[in-house]
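Shown next, in structure tokens, is the structure this report addresses.
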Amino acid sequence: MTKLTPKAPPRAGLSAPERQQLNEVEKQEWLDSLAYVMADGGVKRAADLLEDLDNYAYFHGAPIEFKQSTPYINTIALEDQPEYPGDADLERKIRNINRWNAVAMVIRANKASDGIGGHLSTYASAAELLEVGFNHFFRGHGAGQDRDLIFYQGHASPGVYARSFLEGRFDEARLNRFRRELQPDGEGLSSYPHPWLMPDYWEFPTVSMGLGPLQAIYQARFIKYLENRGLKPKGDAKVWAFLGDGEMDEPQSIGGIRFAAYENLDNLIFVLNANLQRLDGPVRANSKVIQEFESLFLGAGWNVIKVIWDSKWDELLQKDYGGHIVKRFEALVDGESQRYAAFGGKELRENFFNTPELKAMIEGWSDADLELLNRGGHDINKIYAAYKKAVEHKGSPTIIIPRTVKGYGLGESAQARNVAHQVKKLDFSTMKDLRDLLELPLTDEQVEHLEYYHPSPDSPEVKYALERRAALGGLIPARHVEYPHPTIPQGEFYEEFAKGSGERSVSTTMAAVSILSKLLRDKEIGKYIVPIVPDEARTFGMDALVPRIGIYSPRGQTYKPVDSGSLMAYKESVDGQMLEEGITEDGAMASFIAAGTAYAHHGVPTIPFFVLYSMFGMQRVGDLVWAAADQRTRGFILGATAGRTTLAGEGLQHQDGNSHLQAYVVPNLKAYDPAFAYELAVIFEQGIKRMYVDGIDEFYYVTIDNENEQQPAMPEDGRTHAEISEGIMKGMYRFQRSANKKAKLQAQILASGPAMGAAFEAVKKLEDYGVAADIWSVTSYKELHQDALMTQRWNMLHPTEEQKVSYVASQLTKDNAPGVLISVSDYVKLGADGLNGHLDRKLWTLGTDGFGRSEAREELRDHFEVDAKHVVLATLYALQRDGKIKGDVVAKAIADLGIDTTREAPVLR
């Protein structure tokens with residue numbers, strides 16, 4: 001670049017006032033020049049010129065501070081603001097009605113049951129944001145492939161219920177059952193969006209904050225996936241996510257934003273309700289949270305639209321030729337801003353308009369006039385402009401950041417106060433003020449009794465609301481489940497796995513991949529299978545699938561992979577079937593949820609198989625698993641390299657002995673720990689049938705290990721395939737009877753997953769002590785325990801009727817399964833211990849309590865006392881306690897087996 005000689009006179013020698021005067025003249029000349037360029041060449045030419053100036057200054061070393069944010073004003077200029085298309089007066093009345101009914105509902109609930117809770121202030125801040133969407137943007141199911149998915153801000157649920165009341169979907173009696181779902185007189189309303197509790201209404205649970213933003217990203221991505229694979233017609237559907245600024249503190253809230261931009265998710269719109277408050281106080285009292293979010297999302301590649309100031313501010317901005325108001329905006333911090341929202345016009349006059357230039361601009365304004373200077377998130381014209389620009393934007397996701405007031409309109413006890421989130425009640429005087437503010441025709445007596453207001457089904461307000469929804473595709477929120485039930489493979493399809501692996505050694509992880517591979521080739525459901533993996537496909541033996549089905553990428557493959565030409569070449573494609581999510585279990589779990597709920601959201605019964613390290617499953621993504629359960633997700637989570645002792649050498653963080661316990665607490669998650677390939681085949685076959693043919697809202701956690709063993713055939717001992725399959729699904733069946741029919745000492749060994757090898761070896765060793773042992777394969781302690789609890793409950797409630805027997809108790813009777821009962825698994829003892837109290841004898845349990853170690857399998861199993869010698873010891877000790885043998889027999893066995901009696905228990909290490 002050529003260095004130009006400055007024409008301006010040198011400033012050296014000028015006095016300070018002279019320099020200041022020169023600076024002002026110079027600035028005005030530049031502004032005039034820029035105004036001329038914008039008027040003559042347009043805003044694009046002005047932007048290009050500014051970029052050239054910026055580059056020139058940088059090249060010559062001008063110390064220009066880098067800023068990744070725009071001035072603290074609205075993104076959309078007044079002259080670019082479209083005309084509002086609706087009846088603004090009617091919409092204002094509708095908002096006022098909804099505001100009142102939302103408040104009345106929460107306060108009535110707390111009067112009926114003190115402390116029942118509910119939230120007033122979130123919807124108060126978001127009413128305009130939601131209502132503009134309801135009236136002009138959110139498309140319902142009637143819009144077909146263009147229908148939108150909406151993540152509502154969880155704490156705003158009272159306002160959404162109030163809208164449904166106005167539309168005639170709920171009556172007063174149901175509003176009175178807000179947070180009272182166990183009342184005998186009818187359906188209640190859940191505290192927050194919960195599809196499990198209201199399956200025809202809510203679609204996404206959002207109040208576990210941080211999970212909504214992440215799920216919204218992957219739902220938007222899955223829409224693109226379905227369209228690019230031809231499973232869904234291409235449309236213009238949007239995913240809207242209404243979020244709180246305090247919610248963005250959660251790592252998951254921002255964890256996927258770069259991914260969203262990389263995937264060009266222009267079907268995704270975040271609406272970040274910046275009321276500047278968390279639950280306890282300001283989000284960023286000493287700075288401006290909106291500016292922080294703008295920088296964050298701009299840097300991630302998003303389209304950012306700020307809606308900060310309402311139309312009243314435009315009057316001042318239009319005549320602010322010197323930029324004094326914008327300069328004052330830049331100096332503003334959120335803590336100061338909250339005071340203006342809380343204390344009104346007087347505070348604004350004294351502390352915001354605090355320079356001669358600013359005071360001159362409001363000369364003649366009263367405090368009431370100043371109170372009309374509001375935040376942009378309460379101006380429907382500004383909101384509409386932002387929404388319209390967002391839905392028309394192409395190429396990247398959009399975040400709209402409207403500035404609102406928490407507790408807007410709720411009086412001095414709540415509006416913009418630190419306590420706003422906790423306010424559940426308002427006094428009579430405040431309610432009267434609210435009625436007057438909302439201009440509702442309610443008497444003082446009606447206000448005192450907290451009566452709801454409904455203007456009648458034939459009123460202009462109701463007719464308008466329903467007309468707008470009809471034009472946009474129907475009433476929302478609404479969850480409709482309608483999908484083609486697929487023809488699924490059964491019987492012969494899985495026959496090869498029932499035959500075993502012969503002489504070939506195969507891990508259950510490899511068996512699972514083989515079944516998955518075969519399902520992918522099936523002509524009926526193959527296209528619906530969605531393999532999901534967080535960057536461990538080779539570890540799990542899934543790399544052979546990559547060149548066949550491809551990894552999904554909206555860009556396709558724009559490069560030649562380093563392994564091109566090989567049979568296992570890395571392949572990305574626009575219609576790829578596998579979702580390889582990188583090192584993000586949270587992201588992969590969000591994909592699992594999107595795929596597992598597509599039957600409801602899109603009418604496409606995709607069947608996700610999410611394969612991950614079992615140790616990084618339940619404990620890392622537990623909250624998302626709970627969210628999956630709430631929204632009735634279907635599919636399979638496969639915990640690979642499972643068990644505390646199978647992952648040799650990896651140590652404490654990688655070795656899983658806990659996940660089945662963590663899976664237990666999720667009510668509709670079925671948890672299985674199969675030992676054999678044919679058990680896996682049965683679980684997959686029956687699980688697919690139950691979820692996608694029978695329509696049962698459940699999903700499956702199945703652990704699979706990485707220990708290569710000869711896979712046995714399904715037992716052929718007179719039982720049918722169906723009988724053994726029933727036992728597998730119910731949680732247990734007898735795998736092998738002892739050949740010794742005459743032994744006086746008998747035992748039943750219950751084994752699961754990778755612990756089955758220890759059971760086989762122990763049976764042989766026990767023969768040396770005259771003990772005959774049967775082996776039972778326990779595929780699910782959770783299934784057994786829950787059935788036992790249900791049986792116990794029925795018996796307790798029907799004491800005079802013939803008592804039922806649980807499945808596990810019926811299998812392990814002394815006649816059918818004589819001798820002592822021993823359980824061994826690669827998981828903590830508590831899973832099996834749950835059966836004690838439901839059997840006619842004690843169940844002695846062995847498990848892997850404690851931290852993992854970096855070691856080989858044999859040493860690990862010795863350390864955790866789950867190897868064959870410890871199974872033998874437990875069996876002999878149980879026989880001693882039953883009076884069948886003497887203690888010296890057990891002592892001799894300890895010596896023979898080389899068991900160290902002096903070491904600490906592994907649970908303490």
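Identifiers in the structure tokens: chain A, B, ... in order shown; residue index from 1 per chain; ligand index from 1 in order shown.
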
Residues near Phe864 in chain A, anyone? I mean within 7 Å using only C-alpha atoms, not counting same-chain ones fewer than 3 positions away, as an mmCIF file with N, CA and C atoms, in the first residue's frame.
data_model
loop_
_atom_site.group_PDB
_atom_site.id
_atom_site.type_symbol
_atom_site.label_atom_id
_atom_site.label_comp_id
_atom_site.auth_asym_id
_atom_site.auth_seq_id
_atom_site.Cartn_x
_atom_site.Cartn_y
_atom_site.Cartn_z
ATOM 1 N N THR A 848 -18.186 -55.225 40.786
ATOM 2 C CA THR A 848 -16.945 -54.447 40.621
ATOM 3 C C THR A 848 -17.062 -53.064 41.248
ATOM 4 N N LEU A 860 -7.318 -57.597 36.740
ATOM 5 C CA LEU A 860 -8.460 -56.754 37.123
ATOM 6 C C LEU A 860 -9.557 -57.591 37.780
ATOM 7 N N ARG A 861 -9.822 -58.747 37.236
ATOM 8 C CA ARG A 861 -10.899 -59.584 37.788
ATOM 9 C C ARG A 861 -10.523 -60.151 39.150
ATOM 10 N N PRO A 906 -11.693 -53.901 47.293
ATOM 11 C CA PRO A 906 -11.515 -52.955 46.167
ATOM 12 C C PRO A 906 -12.385 -51.717 46.275
#

Fill in: Closest of A:Gln338, A:Gln145, A:Thr791, A:Gln318 to Gly281 in chain A - atom-to-atom distances counting only C-alpha atoms
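Smallest separation from Gly281 in chain A among the options: A:Gln338.
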
Worksheet item: Where in range 431-463 of chain A does DSSP assign helix (DSSP H, G or I), given as a PyMOL selection string?
Response: chain A and resi 431-438+444-448+460-463

Can you pull out every residue within 12 Å of range 547-562 of chain A, counting only C-alpha atoms, but drop anything in the same chain fewer than 6 positions away, and send it as a PDB file with N, CA and C atoms, in the first residue's frame?
ATOM      1  N   ARG A 221     -30.371 -29.879  12.358  1.00  0.00           N
ATOM      2  CA  ARG A 221     -29.464 -30.653  11.510  1.00  0.00           C
ATOM      3  C   ARG A 221     -30.145 -31.926  11.027  1.00  0.00           C
ATOM      4  N   PHE A 222     -30.957 -32.572  11.880  1.00  0.00           N
ATOM      5  CA  PHE A 222     -31.587 -33.833  11.470  1.00  0.00           C
ATOM      6  C   PHE A 222     -32.646 -33.600  10.393  1.00  0.00           C
ATOM      7  N   ILE A 223     -33.276 -32.447  10.407  1.00  0.00           N
ATOM      8  CA  ILE A 223     -34.194 -32.112   9.311  1.00  0.00           C
ATOM      9  C   ILE A 223     -33.430 -32.112   7.985  1.00  0.00           C
ATOM     10  N   LYS A 224     -32.264 -31.478   7.979  1.00  0.00           N
ATOM     11  CA  LYS A 224     -31.435 -31.459   6.760  1.00  0.00           C
ATOM     12  C   LYS A 224     -31.020 -32.888   6.380  1.00  0.00           C
ATOM     13  N   TYR A 225     -30.676 -33.676   7.379  1.00  0.00           N
ATOM     14  CA  TYR A 225     -30.274 -35.076   7.150  1.00  0.00           C
ATOM     15  C   TYR A 225     -31.402 -35.852   6.475  1.00  0.00           C
ATOM     16  N   LEU A 226     -32.611 -35.724   7.022  1.00  0.00           N
ATOM     17  CA  LEU A 226     -33.757 -36.430   6.433  1.00  0.00           C
ATOM     18  C   LEU A 226     -34.014 -35.965   5.008  1.00  0.00           C
ATOM     19  N   GLU A 227     -33.918 -34.668   4.772  1.00  0.00           N
ATOM     20  CA  GLU A 227     -34.173 -34.140   3.434  1.00  0.00           C
ATOM     21  C   GLU A 227     -33.098 -34.612   2.439  1.00  0.00           C
ATOM     22  N   ASN A 228     -31.844 -34.552   2.854  1.00  0.00           N
ATOM     23  CA  ASN A 228     -30.759 -34.937   1.945  1.00  0.00           C
ATOM     24  C   ASN A 228     -30.737 -36.433   1.665  1.00  0.00           C
ATOM     25  N   ARG A 229     -31.298 -37.213   2.570  1.00  0.00           N
ATOM     26  CA  ARG A 229     -31.367 -38.657   2.334  1.00  0.00           C
ATOM     27  C   ARG A 229     -32.682 -39.063   1.665  1.00  0.00           C
ATOM     28  N   PHE A 259     -20.775 -25.793  15.480  1.00  0.00           N
ATOM     29  CA  PHE A 259     -21.257 -26.896  14.655  1.00  0.00           C
ATOM     30  C   PHE A 259     -22.457 -26.453  13.827  1.00  0.00           C
ATOM     31  N   ALA A 260     -23.364 -25.678  14.426  1.00  0.00           N
ATOM     32  CA  ALA A 260     -24.549 -25.204  13.709  1.00  0.00           C
ATOM     33  C   ALA A 260     -24.168 -24.339  12.519  1.00  0.00           C
ATOM     34  N   ALA A 261     -23.153 -23.504  12.696  1.00  0.00           N
ATOM     35  CA  ALA A 261     -22.708 -22.659  11.590  1.00  0.00           C
ATOM     36  C   ALA A 261     -21.993 -23.483  10.528  1.00  0.00           C
ATOM     37  N   TYR A 262     -21.172 -24.435  10.964  1.00  0.00           N
ATOM     38  CA  TYR A 262     -20.452 -25.286  10.011  1.00  0.00           C
ATOM     39  C   TYR A 262     -21.426 -26.056   9.127  1.00  0.00           C
ATOM     40  N   GLU A 263     -22.543 -26.476   9.710  1.00  0.00           N
ATOM     41  CA  GLU A 263     -23.545 -27.238   8.966  1.00  0.00           C
ATOM     42  C   GLU A 263     -24.492 -26.335   8.165  1.00  0.00           C
ATOM     43  N   ASN A 264     -24.271 -25.022   8.217  1.00  0.00           N
ATOM     44  CA  ASN A 264     -25.114 -24.051   7.486  1.00  0.00           C
ATOM     45  C   ASN A 264     -26.595 -24.212   7.821  1.00  0.00           C
ATOM     46  N   LEU A 265     -26.882 -24.272   9.097  1.00  0.00           N
ATOM     47  CA  LEU A 265     -28.260 -24.533   9.522  1.00  0.00           C
ATOM     48  C   LEU A 265     -29.087 -23.249   9.473  1.00  0.00           C
ATOM     49  N   GLY A 395     -28.033 -19.482   4.545  1.00  0.00           N
ATOM     50  CA  GLY A 395     -26.617 -19.801   4.630  1.00  0.00           C
ATOM     51  C   GLY A 395     -26.048 -20.025   6.005  1.00  0.00           C
ATOM     52  N   LEU A 516     -26.221 -54.897  13.202  1.00  0.00           N
ATOM     53  CA  LEU A 516     -26.514 -53.566  12.670  1.00  0.00           C
ATOM     54  C   LEU A 516     -26.247 -53.518  11.171  1.00  0.00           C
ATOM     55  N   SER A 517     -25.131 -54.113  10.751  1.00  0.00           N
ATOM     56  CA  SER A 517     -24.784 -54.137   9.332  1.00  0.00           C
ATOM     57  C   SER A 517     -25.853 -54.860   8.518  1.00  0.00           C
ATOM     58  N   LEU A 520     -28.937 -52.703   8.199  1.00  0.00           N
ATOM     59  CA  LEU A 520     -28.736 -51.646   7.200  1.00  0.00           C
ATOM     60  C   LEU A 520     -28.991 -52.143   5.779  1.00  0.00           C
ATOM     61  N   ARG A 521     -28.776 -53.430   5.544  1.00  0.00           N
ATOM     62  CA  ARG A 521     -28.989 -53.994   4.211  1.00  0.00           C
ATOM     63  C   ARG A 521     -30.436 -54.411   3.964  1.00  0.00           C
ATOM     64  N   GLY A 526     -33.894 -50.859   6.307  1.00  0.00           N
ATOM     65  CA  GLY A 526     -32.499 -50.439   6.227  1.00  0.00           C
ATOM     66  C   GLY A 526     -32.325 -48.940   6.112  1.00  0.00           C
ATOM     67  N   LYS A 527     -33.190 -48.296   5.347  1.00  0.00           N
ATOM     68  CA  LYS A 527     -33.062 -46.845   5.135  1.00  0.00           C
ATOM     69  C   LYS A 527     -33.365 -46.048   6.400  1.00  0.00           C
ATOM     70  N   ILE A 529     -32.466 -46.991   9.503  1.00  0.00           N
ATOM     71  CA  ILE A 529     -31.442 -47.177  10.524  1.00  0.00           C
ATOM     72  C   ILE A 529     -30.485 -45.984  10.496  1.00  0.00           C
ATOM     73  N   VAL A 530     -30.222 -45.413  11.682  1.00  0.00           N
ATOM     74  CA  VAL A 530     -29.318 -44.257  11.781  1.00  0.00           C
ATOM     75  C   VAL A 530     -28.191 -44.597  12.758  1.00  0.00           C
ATOM     76  N   PRO A 531     -27.031 -45.045  12.239  1.00  0.00           N
ATOM     77  CA  PRO A 531     -25.890 -45.274  13.142  1.00  0.00           C
ATOM     78  C   PRO A 531     -25.298 -43.943  13.589  1.00  0.00           C
ATOM     79  N   ILE A 532     -25.038 -43.834  14.881  1.00  0.00           N
ATOM     80  CA  ILE A 532     -24.492 -42.600  15.449  1.00  0.00           C
ATOM     81  C   ILE A 532     -23.282 -42.978  16.298  1.00  0.00           C
ATOM     82  N   VAL A 533     -22.179 -42.277  16.093  1.00  0.00           N
ATOM     83  CA  VAL A 533     -20.980 -42.594  16.861  1.00  0.00           C
ATOM     84  C   VAL A 533     -20.195 -41.320  17.127  1.00  0.00           C
ATOM     85  N   ASP A 535     -16.962 -40.317  17.204  1.00  0.00           N
ATOM     86  CA  ASP A 535     -15.553 -40.407  16.837  1.00  0.00           C
ATOM     87  C   ASP A 535     -14.854 -41.654  17.375  1.00  0.00           C
ATOM     88  N   ALA A 537     -15.609 -44.927  15.696  1.00  0.00           N
ATOM     89  CA  ALA A 537     -16.100 -45.986  14.819  1.00  0.00           C
ATOM     90  C   ALA A 537     -15.086 -47.120  14.694  1.00  0.00           C
ATOM     91  N   MET A 568     -11.398 -49.717   2.978  1.00  0.00           N
ATOM     92  CA  MET A 568     -11.971 -49.032   4.136  1.00  0.00           C
ATOM     93  C   MET A 568     -11.837 -47.517   4.006  1.00  0.00           C
ATOM     94  N   ALA A 569     -11.887 -47.022   2.779  1.00  0.00           N
ATOM     95  CA  ALA A 569     -11.673 -45.591   2.549  1.00  0.00           C
ATOM     96  C   ALA A 569     -12.729 -44.755   3.266  1.00  0.00           C
ATOM     97  N   TYR A 570     -12.260 -43.632   3.811  1.00  0.00           N
ATOM     98  CA  TYR A 570     -13.150 -42.700   4.504  1.00  0.00           C
ATOM     99  C   TYR A 570     -14.059 -42.024   3.484  1.00  0.00           C
ATOM    100  N   LYS A 571     -15.347 -42.065   3.730  1.00  0.00           N
ATOM    101  CA  LYS A 571     -16.299 -41.548   2.747  1.00  0.00           C
ATOM    102  C   LYS A 571     -17.321 -40.638   3.418  1.00  0.00           C
ATOM    103  N   GLU A 572     -17.354 -39.400   2.974  1.00  0.00           N
ATOM    104  CA  GLU A 572     -18.399 -38.462   3.385  1.00  0.00           C
ATOM    105  C   GLU A 572     -19.286 -38.194   2.171  1.00  0.00           C
ATOM    106  N   SER A 573     -20.581 -38.047   2.420  1.00  0.00           N
ATOM    107  CA  SER A 573     -21.485 -37.765   1.306  1.00  0.00           C
ATOM    108  C   SER A 573     -22.724 -37.052   1.796  1.00  0.00           C
ATOM    109  N   VAL A 574     -23.352 -36.325   0.877  1.00  0.00           N
ATOM    110  CA  VAL A 574     -24.553 -35.549   1.215  1.00  0.00           C
ATOM    111  C   VAL A 574     -25.677 -36.465   1.680  1.00  0.00           C
ATOM    112  N   ASP A 575     -25.746 -37.678   1.118  1.00  0.00           N
ATOM    113  CA  ASP A 575     -26.784 -38.612   1.526  1.00  0.00           C
ATOM    114  C   ASP A 575     -26.234 -39.723   2.415  1.00  0.00           C
ATOM    115  N   GLY A 576     -25.094 -39.462   3.067  1.00  0.00           N
ATOM    116  CA  GLY A 576     -24.510 -40.445   3.973  1.00  0.00           C
ATOM    117  C   GLY A 576     -25.466 -40.807   5.093  1.00  0.00           C
ATOM    118  N   GLN A 577     -25.354 -42.031   5.578  1.00  0.00           N
ATOM    119  CA  GLN A 577     -26.314 -42.540   6.556  1.00  0.00           C
ATOM    120  C   GLN A 577     -25.796 -42.466   7.987  1.00  0.00           C
ATOM    121  N   MET A 578     -24.484 -42.599   8.156  1.00  0.00           N
ATOM    122  CA  MET A 578     -23.914 -42.572   9.504  1.00  0.00           C
ATOM    123  C   MET A 578     -23.714 -41.132   9.970  1.00  0.00           C
ATOM    124  N   LEU A 579     -24.002 -40.895  11.241  1.00  0.00           N
ATOM    125  CA  LEU A 579     -23.712 -39.599  11.855  1.00  0.00           C
ATOM    126  C   LEU A 579     -22.478 -39.774  12.723  1.00  0.00           C
ATOM    127  N   GLU A 580     -21.335 -39.304  12.210  1.00  0.00           N
ATOM    128  CA  GLU A 580     -20.075 -39.365  12.949  1.00  0.00           C
ATOM    129  C   GLU A 580     -19.873 -37.990  13.557  1.00  0.00           C
ATOM    130  N   GLU A 581     -20.112 -37.889  14.871  1.00  0.00           N
ATOM    131  CA  GLU A 581     -20.305 -36.573  15.489  1.00  0.00           C
ATOM    132  C   GLU A 581     -19.048 -35.947  16.059  1.00  0.00           C
ATOM    133  N   GLY A 582     -17.911 -36.632  15.965  1.00  0.00           N
ATOM    134  CA  GLY A 582     -16.731 -36.070  16.595  1.00  0.00           C
ATOM    135  C   GLY A 582     -16.751 -36.352  18.084  1.00  0.00           C
TER     136      GLY A 582
END

Worksheet item: Excluding same-chain residues fewer than 2 positions from range 32-36 of chain A, what lies within 12 Å of it counting only C-alpha atoms, as a PyMOL selection string?
Response: chain A and resi 25-30+38-50+53+321-322

Take the residues from that selection and put them in a file with N, CA and C atoms, as a tab-separated table (two decimals), in the first residue's frame.
chain	number	residue	atom	x	y	z
A	25	VAL	N	-14.33	19.14	14.02
A	25	VAL	CA	-14.52	19.52	12.60
A	25	VAL	C	-14.14	18.35	11.70
A	26	GLU	N	-13.00	17.75	12.03
A	26	GLU	CA	-12.51	16.63	11.22
A	26	GLU	C	-13.51	15.46	11.25
A	27	LYS	N	-14.04	15.16	12.44
A	27	LYS	CA	-15.00	14.06	12.56
A	27	LYS	C	-16.23	14.33	11.74
A	28	GLN	N	-16.71	15.59	11.78
A	28	GLN	CA	-17.91	15.94	11.04
A	28	GLN	C	-17.68	15.82	9.53
A	29	GLU	N	-16.49	16.18	9.08
A	29	GLU	CA	-16.18	16.04	7.65
A	29	GLU	C	-16.22	14.58	7.22
A	30	TRP	N	-15.65	13.74	8.04
A	30	TRP	CA	-15.68	12.30	7.73
A	30	TRP	C	-17.11	11.78	7.72
A	38	MET	N	-23.08	6.86	1.30
A	38	MET	CA	-24.25	6.02	1.53
A	38	MET	C	-25.43	6.47	0.68
A	39	ALA	N	-25.59	7.78	0.55
A	39	ALA	CA	-26.71	8.31	-0.24
A	39	ALA	C	-26.50	8.08	-1.73
A	40	ASP	N	-25.27	8.20	-2.18
A	40	ASP	CA	-24.99	8.11	-3.62
A	40	ASP	C	-24.67	6.68	-4.06
A	41	GLY	N	-23.84	5.98	-3.27
A	41	GLY	CA	-23.39	4.64	-3.68
A	41	GLY	C	-24.08	3.51	-2.96
A	42	GLY	N	-24.82	3.81	-1.89
A	42	GLY	CA	-25.52	2.76	-1.15
A	42	GLY	C	-24.70	2.23	0.01
A	43	VAL	N	-25.37	1.48	0.86
A	43	VAL	CA	-24.73	1.00	2.09
A	43	VAL	C	-23.62	-0.01	1.78
A	44	LYS	N	-23.77	-0.77	0.69
A	44	LYS	CA	-22.74	-1.74	0.34
A	44	LYS	C	-21.44	-1.01	-0.02
A	45	ARG	N	-21.55	0.07	-0.80
A	45	ARG	CA	-20.36	0.83	-1.16
A	45	ARG	C	-19.72	1.44	0.08
A	46	ALA	N	-20.55	1.91	1.01
A	46	ALA	CA	-20.02	2.48	2.25
A	46	ALA	C	-19.27	1.42	3.05
A	47	ALA	N	-19.83	0.21	3.12
A	47	ALA	CA	-19.18	-0.87	3.85
A	47	ALA	C	-17.84	-1.23	3.21
A	48	ASP	N	-17.80	-1.29	1.88
A	48	ASP	CA	-16.55	-1.60	1.18
A	48	ASP	C	-15.49	-0.54	1.47
A	49	LEU	N	-15.92	0.72	1.45
A	49	LEU	CA	-14.99	1.81	1.70
A	49	LEU	C	-14.43	1.74	3.12
A	50	LEU	N	-15.30	1.48	4.08
A	50	LEU	CA	-14.85	1.36	5.47
A	50	LEU	C	-13.86	0.22	5.63
A	53	LEU	N	-10.56	1.39	4.35
A	53	LEU	CA	-9.93	2.29	5.33
A	53	LEU	C	-9.36	1.50	6.50
A	321	TYR	N	-27.63	13.90	15.85
A	321	TYR	CA	-26.61	14.05	14.82
A	321	TYR	C	-25.19	13.90	15.37
A	322	GLY	N	-25.01	14.19	16.61
A	322	GLY	CA	-23.68	14.09	17.20
A	322	GLY	C	-23.36	12.72	17.77

Worksheet item: Rounded to one decimal in Å, what is the spacing between CA of Tyr664 in chain A and CA of Asp200 in chain A?
Response: 26.7 Å

Fill in: range 632-636 of chain A surroundings by only C-alpha atoms, 6 Å radius, close-in-sequence under 5 positions cut, as a list in words
Ile593, Gly596, Thr597, Ile607, Pro608, Phe609, Asp697, Glu698, Phe699 and Tyr700 of chain A

Grab the residues selected above and save them as a compact mmCIF listing (two decimals), in the first residue's frame with N, CA and C atoms.
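File produced: out_30.txt:
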# COMPACT_ATOMS: atom_id res chain seq x y z
N ILE A 593 -31.54 -38.24 20.09
CA ILE A 593 -32.88 -37.77 20.43
C ILE A 593 -33.61 -37.31 19.18
N GLY A 596 -34.50 -40.34 17.26
CA GLY A 596 -35.45 -41.17 18.00
C GLY A 596 -36.80 -40.54 18.21
N THR A 597 -36.95 -39.25 17.85
CA THR A 597 -38.26 -38.59 17.94
C THR A 597 -38.79 -38.21 16.57
N ILE A 607 -34.62 -45.25 13.19
CA ILE A 607 -34.25 -46.09 14.32
C ILE A 607 -32.78 -45.84 14.63
N PRO A 608 -32.48 -45.02 15.63
CA PRO A 608 -31.07 -44.71 15.92
C PRO A 608 -30.38 -45.81 16.71
N PHE A 609 -29.14 -46.08 16.35
CA PHE A 609 -28.24 -46.94 17.12
C PHE A 609 -27.04 -46.08 17.49
N ASP A 697 -43.57 -46.34 23.88
CA ASP A 697 -42.61 -45.25 24.06
C ASP A 697 -41.55 -45.66 25.09
N GLU A 698 -40.54 -46.34 24.60
CA GLU A 698 -39.43 -46.77 25.43
C GLU A 698 -38.17 -46.75 24.57
N PHE A 699 -37.02 -46.81 25.23
CA PHE A 699 -35.77 -46.95 24.50
C PHE A 699 -34.85 -47.86 25.29
N TYR A 700 -33.72 -48.24 24.68
CA TYR A 700 -32.92 -49.34 25.20
C TYR A 700 -31.48 -48.93 25.42

Worksheet item: Per DSSP on the backbone, what are the strand (DSSP E) residues of range 577-761 of chain A, as a ChimeraX atom specification?
Response: /A:579-580,607-613,636-640,669-672,699-703,709-710,732-736,745-751

Worksheet entry | Atomic distance CA of Glu650 in chain A - CA of Leu908 in chain A, expressed in Å with one decimal | 19.8 Å

Item to complete: Mind checking which residues fall within 12 Å of Glu187 in chain A, counting only C-alpha atoms, ignoring those fewer than 2 positions away in the same chain, and posting them as a list in words?
Response: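 Listing them by chain and then by number gives Phe170, Asp171, Glu172, Ala173, Arg174, Leu175, Asn176, Arg177, Phe178, Arg179, Arg180, Glu181, Leu182, Gln183, Pro184, Asp185, Leu189, Ser190, Leu197 and Met198 of chain A.
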
Worksheet entry | Two-atom distance - CA of Tyr408 in chain A, CA of Ser429 in chain A (Å) |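 Between these atoms lies a distance of 16.6 Å.
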